[in-house]
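Student: For reference, the structure I am asking about is given below.
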Amino acid sequence: MKKIKESNIAVIGGGISGLSAAFFLQKAGAKVTVYEREGKLKQQGLGFLIMPNGFRVMSRMGLAPKLQEEGTPIFKTVLIDEKGKVNTIQSMNSCYAITRPSCIGLLEESIGTENIQYEKKIIDFHENSGIVDQLEFSDGTMVKPDMIIASDGINSKTRNFLFPDHHTKVVKEKEIVSIIHSPLLSKMLKHTFVKLRCPEKGFNMGIIPVGKDELVWYIQINTTLVDAPGKNPVEIYDFCSQLAPSLPGLFKRALDVTNYSNAYVWEMQAMELLPSFHKKGILLTGDAAHPLLSFTSQGASSALDDAWYFNEVIQAGYSSNEELFSTFYNGRKKVIQQYLSDGKILLDQFLFPGKYSTVDLPYCKP
Ligand SMILES: Cc1cc2nc3c(=O)[nH]c(=O)nc-3n(C[C@H](O)[C@H](O)[C@H](O)COP(=O)(O)OP(=O)(O)OC[C@H]3O[C@@H](n4cnc5c(N)ncnc54)[C@H](O)[C@@H]3O)c2cc1C
């Protein structure tokens with residue numbers, strides 16, 4: 001087995017998880033290449049929270065100052081009921097909100113874009129004695145790395161190849177998400193993540209300032225009570241225009257200033273914990289290993305934590321890739337199981353509010 005320092009490592013997917021894994025592997029001395037199916041300027045996405053655990057990892061990467069510059073610190077979460085009354089204020093520490101393209105940009109810069117190959121979509125895996133040793137791309141080329149890390153997201157082709165019996169399940173919640181530019185709302189909210197809870201009516205709405213007068217908003221829809229719109233911006237606009245007049249001013253304003261060509265409908269998916277995060281010599285990280293419900297606000301942060309923990313296991317020493325990958329799984333599975341369980345509870349609180357007397361927070365404890 002080659003030492004990390006002498007290894008050529010292929011990382012599939014240039015999202016938060018793949019780029020942060022690449023960062024620590026580079027620091028350990030490996031030659032890492034990230035293969036991303038999209039073009040460099042096609043990185044999409046709106047924004048997310050970097051929770052304290054994710055912030056800790058970005059600080060260890062030396063990226064805290066840039067995160068502070070590009071994103072916005074979130075000092076508190078305010079929950080509002082359907083009458084517009086504040087019913088919970090929770091302070092937050094070391095939590096940041098940032099757009100996904102900005103966060104990806106920071107990570108890309110930290111590993112050097114010369115180490116990322118864009119428009120390289122993995123389409124097949126070639127095995128030798130039960131170990132995948134070659135990756136095939138849609139452009140017909142192949143690579144033969146010493147180690148493969150797959151960070152190809154929630155609909156991971158790699159996970160489906162390695163664990164064909166484990167599928168994500170669509171849950172009874174959909175989310176409309178969009179980003180707006182509004183100096184006024186940005187000034188009003190400053191560093192506050194505000195969430196309107198109307199689970200009895202089948203929806204919640206959150207607004208998060210993500211920096212530079214931009215705010216991400218989302219509407220969670222209980223699809224057993226409310227018909228969610230289709231993916232077409234006109235349908236999303238119609239849905240939001242009907243909802244807007246009944247909302248408290250801040251939320252109505254966010255919908256009023258939205259350019260609906262930037263609005264998306266996401267079908268939420270959940271999956272049970274995999275029996276392992278590796279097989280056939282490939283390690284899964286981030287959403288590819290453990291899709292989490294958006295209620296947890298842990299998608300990006302747990303991906304960063306995976307990268308950091310993998311680095312810790314490498315530094316501790318190991319005698320085979322099998323041992324390295326198993327130690328990684330054994331160290332991560334407990335915390336991931338907790339996020340999976342917390343996510344289920346937060347979803348249940350939204351879908352069946354009558355069952356619960358306490359008010360949920362829009363994230364689970366890091
Ligand atoms: C386009 C996009 C937009 C998103 N927007 C948001 C958002 O606004 N808010 C939010 O909370 N979360 C968003 N997410 C999800 C969020 O980024 C992740 O939950 C979290 O950051 C964990 O990251 P990840 O790297 O594990 O997965 P992802 O961020 O999904 O990254 C996976 C990467 O792998 C690439 N990939 C997939 N298949 C292949 C293949 N076959 N070959 C090569 N590359 C491949 C994808 O293009 C992607 O860049 C978005 C994800 C994507 C892909």
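Labeling convention for the structure tokens: chains A, B, ... as they appear, residues from 1 per chain, ligands from 1 in order of appearance.
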Can you list, as a list in words, all residues belonging to segment 185-280 of chain A that DSSP tags as alpha helix (DSSP H)?
Tutor: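 The alpha helix (DSSP H) subset of segment 185-280 of chain A is Leu185, Ser186, Lys187, Met188, Leu189, Pro233, Val234, Glu235, Ile236, Tyr237, Asp238, Phe239, Cys240, Ser241, Gln242, Leu243, Gly249, Leu250, Phe251, Lys252, Arg253, Ala254, Leu255 and Asp256 of chain A.
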Student: Which chains and residue numbers are within 6 Å of ligand 1, counting only C-alpha atoms and all ligand atoms, if I want them as an NGL selection string?
Tutor: :A and (12-18 or 35-38 or 44-48 or 120-123 or 151-154 or 156-157 or 286-288 or 299-300 or 303)
Student: Kindly save the residues from that selection, with C-alpha atoms included, as a PDB file, in the first residue's frame.
Tutor:
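What follows is the written file result_28.pdb:
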```
ATOM      1  CA  ILE A  12     -15.172  12.677  -7.385  1.00  0.00           C
ATOM      2  CA  GLY A  13     -17.206  15.884  -7.003  1.00  0.00           C
ATOM      3  CA  GLY A  14     -16.118  19.462  -6.410  1.00  0.00           C
ATOM      4  CA  GLY A  15     -18.728  20.400  -3.789  1.00  0.00           C
ATOM      5  CA  ILE A  16     -18.002  21.338  -0.150  1.00  0.00           C
ATOM      6  CA  SER A  17     -17.203  17.785   0.773  1.00  0.00           C
ATOM      7  CA  GLY A  18     -14.870  16.931  -2.130  1.00  0.00           C
ATOM      8  CA  TYR A  35     -13.106  15.691 -10.910  1.00  0.00           C
ATOM      9  CA  GLU A  36     -16.208  17.892 -11.145  1.00  0.00           C
ATOM     10  CA  ARG A  37     -18.921  17.232 -13.718  1.00  0.00           C
ATOM     11  CA  GLU A  38     -19.938  20.898 -14.059  1.00  0.00           C
ATOM     12  CA  GLN A  44     -24.801  26.759  -8.665  1.00  0.00           C
ATOM     13  CA  GLY A  45     -26.706  26.884  -5.448  1.00  0.00           C
ATOM     14  CA  LEU A  46     -28.107  29.523  -3.217  1.00  0.00           C
ATOM     15  CA  GLY A  47     -26.707  29.456   0.277  1.00  0.00           C
ATOM     16  CA  PHE A  48     -26.487  27.706   3.609  1.00  0.00           C
ATOM     17  CA  LYS A 120     -15.295  15.613 -15.932  1.00  0.00           C
ATOM     18  CA  LYS A 121     -18.326  13.481 -15.201  1.00  0.00           C
ATOM     19  CA  ILE A 122     -17.659  10.003 -13.843  1.00  0.00           C
ATOM     20  CA  ILE A 123     -19.828   7.511 -15.682  1.00  0.00           C
ATOM     21  CA  SER A 151     -18.106  13.180  -2.776  1.00  0.00           C
ATOM     22  CA  ASP A 152     -20.676  13.269  -5.553  1.00  0.00           C
ATOM     23  CA  GLY A 153     -23.633  14.522  -3.569  1.00  0.00           C
ATOM     24  CA  ILE A 154     -27.091  13.361  -2.554  1.00  0.00           C
ATOM     25  CA  SER A 156     -24.348   9.930  -5.749  1.00  0.00           C
ATOM     26  CA  LYS A 157     -23.714   7.637  -8.697  1.00  0.00           C
ATOM     27  CA  GLY A 286     -20.546  14.291   2.558  1.00  0.00           C
ATOM     28  CA  ASP A 287     -24.030  13.901   1.084  1.00  0.00           C
ATOM     29  CA  ALA A 288     -22.843  10.903  -0.938  1.00  0.00           C
ATOM     30  CA  GLY A 299     -25.322  19.484   5.045  1.00  0.00           C
ATOM     31  CA  ALA A 300     -22.281  21.691   4.490  1.00  0.00           C
ATOM     32  CA  ALA A 303     -19.267  17.552   4.973  1.00  0.00           C
TER      33      ALA A 303
END
```
Student: Within segment 29-69 of chain A, find each residue whose DSSP state, derived from the backbone, is strand (DSSP E), and express the selection as a PDB file with C-alpha atoms, in the first residue's frame.
Tutor:
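As written to disk, selection16.pdb reads:
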```
ATOM      1  CA  LYS A  31      -1.277  14.640  -5.152  1.00  0.00           C
ATOM      2  CA  VAL A  32      -5.014  15.193  -5.343  1.00  0.00           C
ATOM      3  CA  THR A  33      -7.187  15.774  -8.402  1.00  0.00           C
ATOM      4  CA  VAL A  34     -10.835  16.746  -8.040  1.00  0.00           C
ATOM      5  CA  TYR A  35     -13.106  15.691 -10.910  1.00  0.00           C
ATOM      6  CA  GLY A  47     -26.707  29.456   0.277  1.00  0.00           C
ATOM      7  CA  PHE A  48     -26.487  27.706   3.609  1.00  0.00           C
ATOM      8  CA  LEU A  49     -25.435  27.987   7.222  1.00  0.00           C
ATOM      9  CA  ILE A  50     -21.968  27.040   8.327  1.00  0.00           C
TER      10      ILE A  50
END
```
Student: Could I get the residues of segment 32-115 of chain A with an atom no further than 12 Å from an atom of segment 185-192 of chain A, each paired with its nearest atom pair and that distance in Å to one decimal, using only C-alpha atoms, sorted by chain and residue number, as CSV?
Tutor:
```
residue,atom,partner,partner_atom,distance
A:Leu49,CA,A:Thr192,CA,11.9
A:Gly71,CA,A:His191,CA,10.6
A:Thr72,CA,A:His191,CA,6.9
A:Pro73,CA,A:His191,CA,6.0
A:Ile74,CA,A:His191,CA,4.6
A:Phe75,CA,A:His191,CA,5.5
A:Lys76,CA,A:Thr192,CA,5.1
A:Thr77,CA,A:Thr192,CA,5.8
A:Val78,CA,A:Thr192,CA,7.0
A:Leu79,CA,A:Thr192,CA,10.4
A:Ile89,CA,A:Thr192,CA,9.8
A:Gln90,CA,A:Thr192,CA,9.9
A:Ser91,CA,A:Thr192,CA,9.2
A:Met92,CA,A:Thr192,CA,9.4
A:Asn93,CA,A:His191,CA,11.2
A:Ser94,CA,A:His191,CA,11.8
A:Cys95,CA,A:His191,CA,10.0
A:Tyr96,CA,A:His191,CA,9.1
A:Ala97,CA,A:His191,CA,9.2
A:Ile98,CA,A:His191,CA,12.0
```
Student: Could those residues be written to a file, using all heavy atoms, as a short mmCIF file (atom, residue, chain, number, x, y, z; two decimals), in the first residue's frame?
Tutor:
```
data_model
loop_
_atom_site.label_atom_id
_atom_site.label_comp_id
_atom_site.auth_asym_id
_atom_site.auth_seq_id
_atom_site.Cartn_x
_atom_site.Cartn_y
_atom_site.Cartn_z
N LEU A 49 -26.09 27.63 5.97
CA LEU A 49 -25.43 27.99 7.22
C LEU A 49 -24.19 27.14 7.38
O LEU A 49 -24.18 25.95 7.06
CB LEU A 49 -26.36 27.70 8.41
CG LEU A 49 -27.61 28.56 8.56
CD1 LEU A 49 -28.46 28.04 9.71
CD2 LEU A 49 -27.23 30.02 8.81
N GLY A 71 -19.21 35.96 3.90
CA GLY A 71 -20.52 35.57 4.44
C GLY A 71 -21.00 36.57 5.46
O GLY A 71 -20.55 37.71 5.50
N THR A 72 -21.95 36.15 6.27
CA THR A 72 -22.42 37.03 7.34
C THR A 72 -22.55 36.21 8.63
O THR A 72 -23.03 35.08 8.59
CB THR A 72 -23.74 37.72 6.94
OG1 THR A 72 -23.97 38.81 7.80
CG2 THR A 72 -24.93 36.83 6.98
N PRO A 73 -22.09 36.76 9.77
CA PRO A 73 -22.26 36.01 11.00
C PRO A 73 -23.73 36.01 11.43
O PRO A 73 -24.42 37.02 11.25
CB PRO A 73 -21.40 36.78 12.01
CG PRO A 73 -21.21 38.14 11.43
CD PRO A 73 -21.38 38.04 9.96
N ILE A 74 -24.18 34.90 11.93
CA ILE A 74 -25.56 34.82 12.42
C ILE A 74 -25.49 34.76 13.94
O ILE A 74 -24.91 33.82 14.51
CB ILE A 74 -26.28 33.56 11.86
CG1 ILE A 74 -26.32 33.60 10.32
CG2 ILE A 74 -27.70 33.43 12.43
CD1 ILE A 74 -27.11 34.73 9.70
N PHE A 75 -26.06 35.78 14.59
CA PHE A 75 -25.99 35.85 16.05
C PHE A 75 -27.22 35.27 16.73
O PHE A 75 -27.18 34.91 17.89
CB PHE A 75 -25.81 37.31 16.51
CG PHE A 75 -24.53 37.94 16.03
CD1 PHE A 75 -24.48 39.28 15.70
CD2 PHE A 75 -23.37 37.19 15.93
CE1 PHE A 75 -23.29 39.87 15.27
CE2 PHE A 75 -22.18 37.76 15.50
CZ PHE A 75 -22.14 39.11 15.16
N LYS A 76 -28.34 35.28 16.01
CA LYS A 76 -29.52 34.70 16.67
C LYS A 76 -30.54 34.16 15.66
O LYS A 76 -30.56 34.58 14.49
CB LYS A 76 -30.18 35.69 17.62
CG LYS A 76 -30.71 36.94 16.99
CD LYS A 76 -31.38 37.81 18.07
CE LYS A 76 -32.08 38.96 17.43
NZ LYS A 76 -31.76 40.27 17.78
N THR A 77 -31.33 33.24 16.17
CA THR A 77 -32.46 32.69 15.41
C THR A 77 -33.73 33.17 16.10
O THR A 77 -33.84 33.05 17.32
CB THR A 77 -32.44 31.15 15.46
OG1 THR A 77 -31.22 30.70 14.93
CG2 THR A 77 -33.57 30.56 14.65
N VAL A 78 -34.63 33.70 15.33
CA VAL A 78 -35.90 34.17 15.91
C VAL A 78 -37.04 33.39 15.26
O VAL A 78 -37.14 33.34 14.04
CB VAL A 78 -36.08 35.69 15.65
CG1 VAL A 78 -37.46 36.16 16.10
CG2 VAL A 78 -35.00 36.49 16.36
N LEU A 79 -37.84 32.76 16.10
CA LEU A 79 -39.01 32.03 15.59
C LEU A 79 -40.26 32.87 15.81
O LEU A 79 -40.48 33.42 16.89
CB LEU A 79 -39.17 30.69 16.32
CG LEU A 79 -38.02 29.69 16.19
CD1 LEU A 79 -38.39 28.37 16.85
CD2 LEU A 79 -37.66 29.45 14.72
N ILE A 89 -36.35 33.13 20.89
CA ILE A 89 -35.12 33.76 20.40
C ILE A 89 -33.96 32.90 20.92
O ILE A 89 -33.87 32.65 22.12
CB ILE A 89 -34.95 35.21 20.91
CG1 ILE A 89 -36.13 36.06 20.45
CG2 ILE A 89 -33.64 35.80 20.41
CD1 ILE A 89 -36.09 37.51 20.93
N GLN A 90 -33.17 32.42 20.01
CA GLN A 90 -32.06 31.56 20.40
C GLN A 90 -30.77 32.22 19.92
O GLN A 90 -30.63 32.53 18.73
CB GLN A 90 -32.23 30.20 19.72
CG GLN A 90 -31.11 29.22 19.91
CD GLN A 90 -31.17 28.51 21.26
OE1 GLN A 90 -32.24 28.39 21.85
NE2 GLN A 90 -30.03 28.08 21.74
N SER A 91 -29.81 32.47 20.84
CA SER A 91 -28.57 33.09 20.35
C SER A 91 -27.67 32.02 19.73
O SER A 91 -27.76 30.84 20.07
CB SER A 91 -27.86 33.83 21.48
OG SER A 91 -27.53 32.93 22.48
N MET A 92 -26.84 32.45 18.80
CA MET A 92 -25.95 31.52 18.11
C MET A 92 -24.53 32.07 18.16
O MET A 92 -24.33 33.28 18.14
CB MET A 92 -26.38 31.36 16.64
CG MET A 92 -27.78 30.80 16.53
SD MET A 92 -28.28 30.61 14.82
CE MET A 92 -27.66 28.98 14.46
N ASN A 93 -23.60 31.16 18.20
CA ASN A 93 -22.19 31.53 18.26
C ASN A 93 -21.44 30.85 17.13
O ASN A 93 -21.73 29.71 16.81
CB ASN A 93 -21.58 30.97 19.55
CG ASN A 93 -21.47 32.05 20.57
OD1 ASN A 93 -21.19 33.20 20.24
ND2 ASN A 93 -21.72 31.68 21.81
N SER A 94 -20.46 31.53 16.56
CA SER A 94 -19.62 30.91 15.54
C SER A 94 -20.44 30.27 14.42
O SER A 94 -20.15 29.16 13.98
CB SER A 94 -18.70 29.84 16.15
OG SER A 94 -18.00 30.35 17.22
N CYS A 95 -21.49 30.95 14.02
CA CYS A 95 -22.33 30.46 12.94
C CYS A 95 -22.32 31.51 11.82
O CYS A 95 -22.45 32.70 12.10
CB CYS A 95 -23.74 30.22 13.45
SG CYS A 95 -24.88 29.73 12.17
N TYR A 96 -22.15 31.06 10.59
CA TYR A 96 -22.09 31.98 9.44
C TYR A 96 -23.04 31.51 8.36
O TYR A 96 -23.30 30.31 8.23
CB TYR A 96 -20.66 32.03 8.86
CG TYR A 96 -19.74 32.83 9.76
CD1 TYR A 96 -19.21 32.27 10.91
CD2 TYR A 96 -19.46 34.16 9.49
CE1 TYR A 96 -18.42 33.01 11.77
CE2 TYR A 96 -18.67 34.92 10.34
CZ TYR A 96 -18.15 34.33 11.47
OH TYR A 96 -17.37 35.08 12.33
N ALA A 97 -23.54 32.47 7.59
CA ALA A 97 -24.33 32.13 6.41
C ALA A 97 -23.57 32.64 5.20
O ALA A 97 -22.97 33.72 5.24
CB ALA A 97 -25.69 32.80 6.50
N ILE A 98 -23.57 31.87 4.15
CA ILE A 98 -22.79 32.23 2.96
C ILE A 98 -23.46 31.63 1.73
O ILE A 98 -24.16 30.61 1.84
CB ILE A 98 -21.32 31.73 3.11
CG1 ILE A 98 -20.45 32.23 1.95
CG2 ILE A 98 -21.23 30.21 3.24
CD1 ILE A 98 -18.94 32.06 2.18
#
```
Student: With only C-alpha atoms as the counted atoms, please give the residues lying no more than 6 Å from Ile9 of chain A, apart from itself and same-chain residues fewer than 6 positions off, as a ChimeraX atom specification.
Tutor: /A:32,145-148
Student: Using only C-alpha atoms for the distances, tell me which of A:His167, A:Ile345, A:Leu324, A:Phe161 is nearest to Val132 of chain A.
Tutor: A:Phe161
Student: At what distance in Å, to one decimal, does atom CA of Val177 of chain A lie from atom CA of Cys198 of chain A?
Tutor: 17.0 Å
Student: Counting only C-alpha atoms, which residue out of A:Arg60, A:Arg253, A:His166, A:Lys280 sits closest to Gln134 of chain A?
Tutor: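 Using only C-alpha atoms, Gln134 of chain A sits closest to A:Lys280.
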Student: Nearest to Pro164 of chain A: which of A:Pro229, A:Leu274, A:Glu267, A:Ser129 is it, counting only C-alpha atoms?
Tutor: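 Once distances to Pro164 of chain A are computed over only C-alpha atoms, the minimum belongs to A:Leu274.
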Student: Taking only C-alpha atoms into account, which of A:Arg332, A:Arg159, A:Lys279, A:Lys355 comes nearest Phe310 of chain A?
Tutor: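 Residue with the minimum atom-to-atom distance to Phe310 of chain A: A:Arg332.
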Student: Hey, which bits of segment 9-122 of chain A sit within 10 Å of segment 245-252 of chain A, and for each residue what's the closest pair of atoms and how far apart in Å (one decimal), counting only C-alpha atoms, rows by chain and increasing number, as a Markdown table?
Tutor:
```
| residue | atom | partner | partner_atom | distance |
| --- | --- | --- | --- | --- |
| A:Ile80 | CA | A:Pro248 | CA | 9.3 |
| A:Asp81 | CA | A:Pro248 | CA | 9.5 |
| A:Glu82 | CA | A:Leu247 | CA | 7.6 |
| A:Lys83 | CA | A:Pro248 | CA | 7.5 |
| A:Gly84 | CA | A:Pro248 | CA | 5.6 |
| A:Lys85 | CA | A:Pro248 | CA | 9.4 |
```
Student: To one decimal place, how far is atom CA of Ile131 of chain A from atom CA of Ser302 of chain A in Å?
Tutor: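 Between atom CA of Ile131 of chain A and atom CA of Ser302 of chain A the gap is 27.1 Å.
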